[in-house]
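File shown here: run_12.tsv, holding TSV, C-alpha atoms.
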```tsv
chain	number	residue	atom	x	y	z
E	27	MET	CA	52.14	58.07	67.40
E	28	ALA	CA	53.33	54.45	67.26
E	29	THR	CA	53.73	52.78	70.64
E	30	ASP	CA	57.42	51.96	70.07
E	31	ILE	CA	58.18	55.64	69.49
E	32	GLU	CA	56.07	56.70	72.47
E	33	ASP	CA	58.07	54.27	74.58
E	34	LEU	CA	61.40	55.67	73.35
E	35	ARG	CA	60.22	59.21	74.03
E	36	GLU	CA	59.16	58.33	77.56
E	37	ARG	CA	62.39	56.56	78.37
E	38	PHE	CA	64.97	58.85	76.73
E	39	LEU	CA	63.77	62.40	76.01
E	40	ASN	CA	65.35	65.25	77.96
E	41	ILE	CA	67.69	63.04	80.00
E	42	GLU	CA	71.31	64.24	79.89
E	43	PHE	CA	73.65	61.47	78.73
E	44	ASP	CA	76.91	63.22	77.91
E	45	GLU	CA	79.02	66.09	79.18
E	46	VAL	CA	82.18	67.22	77.45
E	47	GLU	CA	84.49	70.23	77.75
E	48	PHE	CA	85.79	72.24	74.82
E	49	GLU	CA	88.57	74.83	74.70
E	50	ILE	CA	87.72	77.13	71.82
E	51	ASP	CA	90.60	77.75	69.41
E	52	GLY	CA	90.27	80.96	67.43
E	53	THR	CA	92.50	79.72	64.61
E	54	ARG	CA	90.14	76.78	64.12
E	55	PHE	CA	87.02	78.90	63.85
E	56	ARG	CA	88.85	81.40	61.64
E	57	GLU	CA	89.65	78.56	59.21
E	58	TYR	CA	86.02	77.45	59.42
E	59	ALA	CA	84.89	80.99	58.59
E	60	ILE	CA	87.28	81.33	55.64
E	61	ALA	CA	86.28	77.95	54.20
E	62	ALA	CA	82.61	78.85	54.52
E	63	GLY	CA	83.12	82.13	52.66
E	64	GLU	CA	82.75	84.58	55.53
E	65	THR	CA	84.36	87.94	54.75
E	66	ASP	CA	83.60	89.96	57.90
E	67	PRO	CA	86.87	90.53	59.82
E	68	LYS	CA	85.08	89.79	63.09
E	69	PHE	CA	85.06	86.15	61.89
E	70	THR	CA	88.32	86.03	59.94
E	71	ASP	CA	90.80	88.40	61.62
E	72	ILE	CA	92.15	87.24	64.94
E	73	SER	CA	93.25	90.81	65.78
E	74	ASN	CA	89.73	92.20	65.34
E	75	PRO	CA	88.44	93.47	68.72
E	76	ASP	CA	85.12	91.68	68.12
E	77	PHE	CA	86.72	88.45	66.86
E	78	GLN	CA	84.22	85.61	67.34
E	79	ALA	CA	83.09	82.35	65.80
E	80	PRO	CA	80.42	82.31	63.11
E	81	PRO	CA	77.19	81.16	64.80
E	82	THR	CA	77.18	77.84	62.92
E	83	PHE	CA	80.66	76.92	64.15
E	84	VAL	CA	79.23	75.22	67.23
E	85	SER	CA	77.95	72.45	64.94
E	86	THR	CA	81.59	71.31	64.72
E	87	LEU	CA	81.74	70.67	68.48
E	88	VAL	CA	81.13	66.96	68.84
E	89	GLY	CA	80.35	65.09	72.03
E	90	ARG	CA	81.57	61.63	72.98
E	91	ARG	CA	78.34	60.00	71.88
E	92	THR	CA	75.26	60.91	69.86
E	93	PHE	CA	72.78	58.73	71.77
E	94	PRO	CA	72.50	57.41	75.32
E	95	SER	CA	74.61	54.31	75.95
E	96	ASP	CA	71.49	52.22	76.61
E	97	PHE	CA	69.56	53.50	73.58
E	98	PRO	CA	68.36	50.48	71.55
E	99	ALA	CA	69.82	49.81	68.12
E	100	LEU	CA	67.15	50.53	65.52
E	101	ASN	CA	67.07	48.29	62.49
E	102	GLY	CA	67.92	50.50	59.56
E	103	VAL	CA	70.36	52.75	57.79
E	104	SER	CA	71.39	55.82	59.77
E	105	MET	CA	72.22	59.18	58.15
E	106	ASP	CA	72.90	62.74	59.25
E	107	ALA	CA	69.69	64.52	58.26
E	108	GLY	CA	70.57	68.01	59.39
E	109	LYS	CA	71.87	70.49	61.92
E	110	GLN	CA	70.26	73.35	63.78
E	111	VAL	CA	71.97	76.04	65.79
E	112	GLU	CA	70.33	78.39	68.24
E	113	TRP	CA	72.71	81.25	68.97
E	114	LYS	CA	72.54	82.96	72.35
E	115	ALA	CA	75.94	84.64	72.92
E	116	PRO	CA	79.27	85.03	71.08
E	117	VAL	CA	81.79	82.19	71.19
E	118	ARG	CA	85.31	83.63	71.37
E	119	ASP	CA	88.92	82.50	71.21
E	120	GLY	CA	90.11	80.82	74.40
E	121	MET	CA	86.67	80.28	75.89
E	122	LYS	CA	86.09	77.08	77.80
E	123	LEU	CA	82.69	75.60	77.06
E	124	VAL	CA	80.80	72.69	78.53
E	125	GLY	CA	78.51	70.76	76.19
E	126	ARG	CA	75.69	68.75	77.74
E	127	SER	CA	73.72	66.47	75.45
E	128	HIS	CA	70.24	65.00	75.61
E	129	LEU	CA	67.74	63.60	73.15
E	130	HIS	CA	65.48	66.52	72.38
E	131	ASP	CA	62.95	64.87	70.06
E	132	ILE	CA	62.04	61.53	68.52
E	133	TYR	CA	59.49	61.39	65.70
E	134	THR	CA	58.69	59.52	62.53
E	135	LYS	CA	57.80	60.25	58.94
E	136	THR	CA	56.43	57.67	56.56
E	137	GLY	CA	57.12	57.76	52.85
E	138	ARG	CA	56.91	55.41	49.90
E	139	SER	CA	59.99	53.55	51.11
E	140	GLY	CA	58.60	53.03	54.58
E	141	ARG	CA	59.02	54.60	57.99
E	142	MET	CA	61.89	56.86	58.95
E	143	VAL	CA	62.74	57.57	62.56
E	144	PHE	CA	64.24	60.96	63.37
E	145	LEU	CA	66.33	61.45	66.49
E	146	VAL	CA	67.26	64.99	67.51
E	147	THR	CA	70.30	65.20	69.77
E	148	ARG	CA	70.72	68.59	71.41
E	149	MET	CA	74.01	69.76	72.87
E	150	GLU	CA	73.53	72.73	75.19
E	151	LEU	CA	76.71	74.79	75.42
E	152	TYR	CA	77.61	76.86	78.48
E	153	ASP	CA	80.60	79.03	79.29
E	154	LYS	CA	82.51	78.74	82.58
E	155	GLU	CA	80.18	81.28	84.23
E	156	GLY	CA	77.23	79.10	83.31
E	157	THR	CA	75.93	81.39	80.57
E	158	HIS	CA	74.04	79.43	77.96
E	159	VAL	CA	75.80	80.39	74.70
E	160	ALA	CA	74.20	78.06	72.14
E	161	ASN	CA	72.23	74.94	71.36
E	162	ALA	CA	73.59	72.68	68.64
E	163	ASP	CA	71.16	70.05	67.35
E	164	THR	CA	72.03	67.05	65.22
E	165	ARG	CA	69.13	65.33	63.45
E	166	THR	CA	69.78	61.67	62.66
E	167	VAL	CA	67.39	59.77	60.42
E	168	ILE	CA	67.10	56.00	60.44
E	169	ARG	CA	65.43	54.54	57.37
E	170	GLU	CA	63.92	51.33	58.71
E	171	ARG	CA	64.54	48.05	56.92
W	6	MET	CA	75.51	93.73	43.24
W	7	ALA	CA	72.56	94.51	45.47
W	8	ASP	CA	73.02	97.06	48.23
W	9	LEU	CA	74.03	95.60	51.57
W	10	VAL	CA	71.31	95.39	54.18
W	11	GLN	CA	72.09	97.44	57.27
W	12	SER	CA	68.73	97.52	59.07
W	13	ILE	CA	65.35	95.86	58.94
W	14	SER	CA	63.91	98.79	57.03
W	15	ASP	CA	66.16	97.82	54.09
W	16	ILE	CA	64.36	94.47	53.69
W	17	GLU	CA	61.18	93.69	51.78
W	18	PHE	CA	58.99	90.61	52.12
W	19	GLY	CA	59.72	88.20	49.27
W	20	GLU	CA	63.07	89.80	48.55
W	21	THR	CA	65.69	87.45	47.12
W	22	LEU	CA	69.19	87.45	48.54
W	23	PRO	CA	72.13	87.82	46.15
W	24	ALA	CA	73.07	84.33	44.96
W	25	PHE	CA	76.24	82.92	46.47
W	26	ASP	CA	78.58	80.38	44.85
W	27	PRO	CA	80.23	78.40	47.68
W	28	ASP	CA	83.79	77.18	47.33
W	29	THR	CA	83.32	73.41	46.97
W	30	SER	CA	86.82	72.85	45.55
W	31	LEU	CA	88.83	69.90	46.79
W	32	ASP	CA	91.53	72.30	47.98
W	33	ASN	CA	89.04	74.12	50.21
W	34	ILE	CA	87.62	70.89	51.61
W	35	LYS	CA	91.12	69.52	52.28
W	36	ARG	CA	92.06	72.72	54.09
W	37	PHE	CA	88.84	72.50	56.10
W	38	GLY	CA	89.67	68.91	56.95
W	39	GLN	CA	93.18	69.84	58.04
W	40	HIS	CA	92.21	72.74	60.30
W	41	VAL	CA	88.63	72.07	61.41
W	42	GLY	CA	87.96	68.35	61.02
W	43	TRP	CA	86.05	66.06	58.67
W	44	GLY	CA	89.31	65.27	56.85
W	45	THR	CA	88.56	61.62	56.14
W	46	GLY	CA	88.58	60.13	52.66
W	47	ARG	CA	84.92	60.50	51.78
W	48	PHE	CA	85.39	64.28	52.07
W	49	THR	CA	88.91	64.70	50.68
W	50	SER	CA	89.29	61.97	48.05
W	51	HIS	CA	87.01	61.30	45.08
W	52	GLU	CA	88.45	57.81	44.81
W	53	ILE	CA	87.76	56.84	48.41
W	54	ALA	CA	84.30	58.41	48.30
W	55	ARG	CA	83.43	56.37	45.19
W	56	LYS	CA	84.55	53.22	46.98
W	57	GLU	CA	82.10	54.14	49.74
W	58	GLY	CA	79.28	54.44	47.22
W	59	PHE	CA	79.20	58.20	46.67
W	60	PRO	CA	79.44	59.76	43.20
W	61	GLY	CA	82.53	61.62	44.42
W	62	ALA	CA	83.90	63.34	47.50
W	63	ILE	CA	81.23	65.15	49.51
W	64	VAL	CA	81.24	68.48	51.32
W	65	PRO	CA	80.88	68.02	55.10
W	66	GLY	CA	77.39	68.96	56.28
W	67	VAL	CA	78.82	71.29	58.91
W	68	LEU	CA	80.52	73.26	56.14
W	69	SER	CA	77.34	73.39	54.04
W	70	GLN	CA	75.66	74.94	57.07
W	71	GLY	CA	78.54	77.41	57.25
W	72	PHE	CA	77.97	78.37	53.60
W	73	LEU	CA	74.40	79.37	54.48
W	74	GLY	CA	75.57	81.53	57.34
W	75	ALA	CA	78.20	83.22	55.17
W	76	MET	CA	75.61	84.01	52.53
W	77	ILE	CA	73.45	85.77	55.12
W	78	HIS	CA	76.37	87.76	56.51
W	79	ARG	CA	77.48	88.85	53.02
W	80	TRP	CA	73.97	90.16	52.35
W	81	ALA	CA	73.35	91.66	55.79
W	82	PRO	CA	76.64	92.28	57.64
W	83	THR	CA	74.87	93.64	60.73
W	84	ALA	CA	72.57	90.62	61.03
W	85	GLN	CA	72.80	88.31	63.99
W	86	ILE	CA	71.78	84.78	63.10
W	87	VAL	CA	69.56	83.66	65.97
W	88	VAL	CA	68.47	80.26	64.65
W	89	ILE	CA	69.57	78.40	61.55
W	90	ASP	CA	68.19	75.00	60.64
W	91	THR	CA	69.74	72.97	57.86
W	92	VAL	CA	68.24	69.90	56.20
W	93	PHE	CA	70.65	67.64	54.31
W	94	ARG	CA	68.58	66.25	51.45
W	95	ALA	CA	71.38	64.96	49.25
W	96	PRO	CA	75.18	65.22	49.17
W	97	VAL	CA	76.89	68.41	48.04
W	98	LEU	CA	79.64	67.09	45.78
W	99	VAL	CA	83.18	68.42	45.92
W	100	ASP	CA	84.47	70.11	42.75
W	101	GLN	CA	80.91	70.52	41.44
W	102	PRO	CA	79.48	74.03	41.05
W	103	HIS	CA	76.64	74.81	43.42
W	104	LYS	CA	74.57	77.90	43.95
W	105	ILE	CA	72.88	79.16	47.09
W	106	THR	CA	69.69	81.17	46.83
W	107	GLY	CA	67.60	82.75	49.53
W	108	VAL	CA	64.27	84.49	49.94
W	109	VAL	CA	62.78	86.53	52.76
W	110	THR	CA	59.66	84.73	54.02
W	111	ASN	CA	58.68	86.81	57.06
W	112	ILE	CA	59.46	90.17	58.62
W	113	ASP	CA	58.61	90.94	62.25
W	114	GLU	CA	59.21	94.66	62.61
W	115	GLU	CA	58.24	94.67	66.30
W	116	GLU	CA	61.01	92.21	67.19
W	117	ASN	CA	63.36	93.23	64.33
W	118	MET	CA	63.44	89.61	63.21
W	119	VAL	CA	63.48	88.29	59.66
W	120	GLU	CA	62.99	84.74	58.41
W	121	ILE	CA	64.76	83.45	55.34
W	122	ASP	CA	64.54	80.25	53.31
W	123	ILE	CA	67.87	79.23	51.81
W	124	THR	CA	68.61	76.48	49.30
W	125	ILE	CA	71.79	74.94	47.93
W	126	VAL	CA	71.27	73.56	44.42
W	127	ASN	CA	73.63	71.81	42.04
W	128	GLU	CA	74.11	72.56	38.34
W	129	ALA	CA	71.01	70.51	37.50
W	130	ASN	CA	69.06	72.78	39.86
W	131	GLU	CA	68.46	69.86	42.24
W	132	THR	CA	68.11	70.80	45.90
W	133	ARG	CA	70.97	69.43	47.99
W	134	VAL	CA	70.52	71.36	51.22
W	135	PHE	CA	67.58	73.37	52.46
W	136	GLY	CA	67.72	75.78	55.35
W	137	THR	CA	65.67	78.27	57.27
W	138	ALA	CA	67.16	81.06	59.31
W	139	THR	CA	65.88	83.63	61.74
W	140	ILE	CA	68.03	86.73	61.95
W	141	LYS	CA	67.89	89.84	64.10
W	142	LEU	CA	68.71	93.23	62.63
W	143	PRO	CA	69.15	96.72	63.99
```
Take the structure I supplied and represent it as structure tokens, if you would.
Amino acid sequence: MATDIEDLRERFLNIEFDEVEFEIDGTRFREYAIAAGETDPKFTDISNPDFQAPPTFVSTLVGRRTFPSDFPALNGVSMDAGKQVEWKAPVRDGMKLVGRSHLHDIYTKTGRSGRMVFLVTRMELYDKEGTHVANADTRTVIRER
Amino acid sequence: MADLVQSISDIEFGETLPAFDPDTSLDNIKRFGQHVGWGTGRFTSHEIARKEGFPGAIVPGVLSQGFLGAMIHRWAPTAQIVVIDTVFRAPVLVDQPHKITGVVTNIDEEENMVEIDITIVNEANETRVFGTATIKLP
């Protein structure tokens, strides 16, 4: 691994840099479910006794920042390369969640157009009892100039 | 239409999921933008998106991920998605027909877990989004 990436990993991985609270709105995740094409009433009918958010809904919960405030600007074009969700427990209408973010991984891939740096930001989501309900990862790629 | 999957015993290795045509219409994306977020011009206006260098308005990545989840639930209503990873390879364009296909790549009968590869392709059969999911079944 290149020394600049090793340095970033040492300085920034697994250090929490953001905490944000969310109040989950069932009408919002119902609209998400309908737009996505979900048909199960547990995702689309607010009166369903098992009404809950589709597992991927947590990808719509956005923190105040994607990277630590002191993370260096990398010279290149930044793009959203993907999302990963790890589901652990249902997210329901009216729940209050806390999202805590850290950089979970930093790695590179090299192609014909040069090196690309991938930054994986993980938001860990907990309910008010402290139960870990989900991890929502955002993978940002920076195509270096 | 294929029978719905209710338990892991209903699934075979290499099985293909019923194809799913996601709603990429501008009306759907505008409604998503109004109620969920991602309602800015690059998602809700072909004209603004073209000014930003896109071929047209693009479907938000978070909704593309939602399409993959919906496809799994339509095929296996009792499935719990445990992990779903989505790679955005190229934009999914609004008002363009897309198709989602999936294939079962692993079955763990001891843990009742199944792995699936899922792909969103456009009309030219070009991959736009690629995903892998691990689901748990009764």
Could you list, as a PyMOL selection string, every residue of chain W that has an atom within 8 Å of an atom of chain E, counting all atoms listed in the file? chain W and resi 27-28+33-34+36-37+40-42+66-72+74-76+78-79+82+86-94
For a test of reading the model, state the distance in Å between CA of Asp122 (chain W) and CA of Thr110 (chain W), rounded to one decimal. 6.7 Å
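With distances restricted to only C-alpha atoms, W:Thr132 is the closest residue to Pro96 (chain W) from W:Thr124, W:Asp15, W:Ser50, W:Thr132.
For the pair CA of Lys104 (chain W) and CA of Trp80 (chain W), the interatomic distance is 14.9 Å.
Distance cut-off 12 Å, centre (67.8, 101.7, 61.4), atoms counted all atoms listed in the file; the residues meeting this are Val10, Gln11, Ser12, Ile13, Ser14, Asp15, Ile16, Thr83, Glu114, Asn117, Leu142 and Pro143 of chain W.
You can rank E:Val159, E:Ile50, E:Leu123, E:Val143 by their closest distance to Arg35 (chain E) using only C-alpha atoms, and at the top of that list sits E:Val143.
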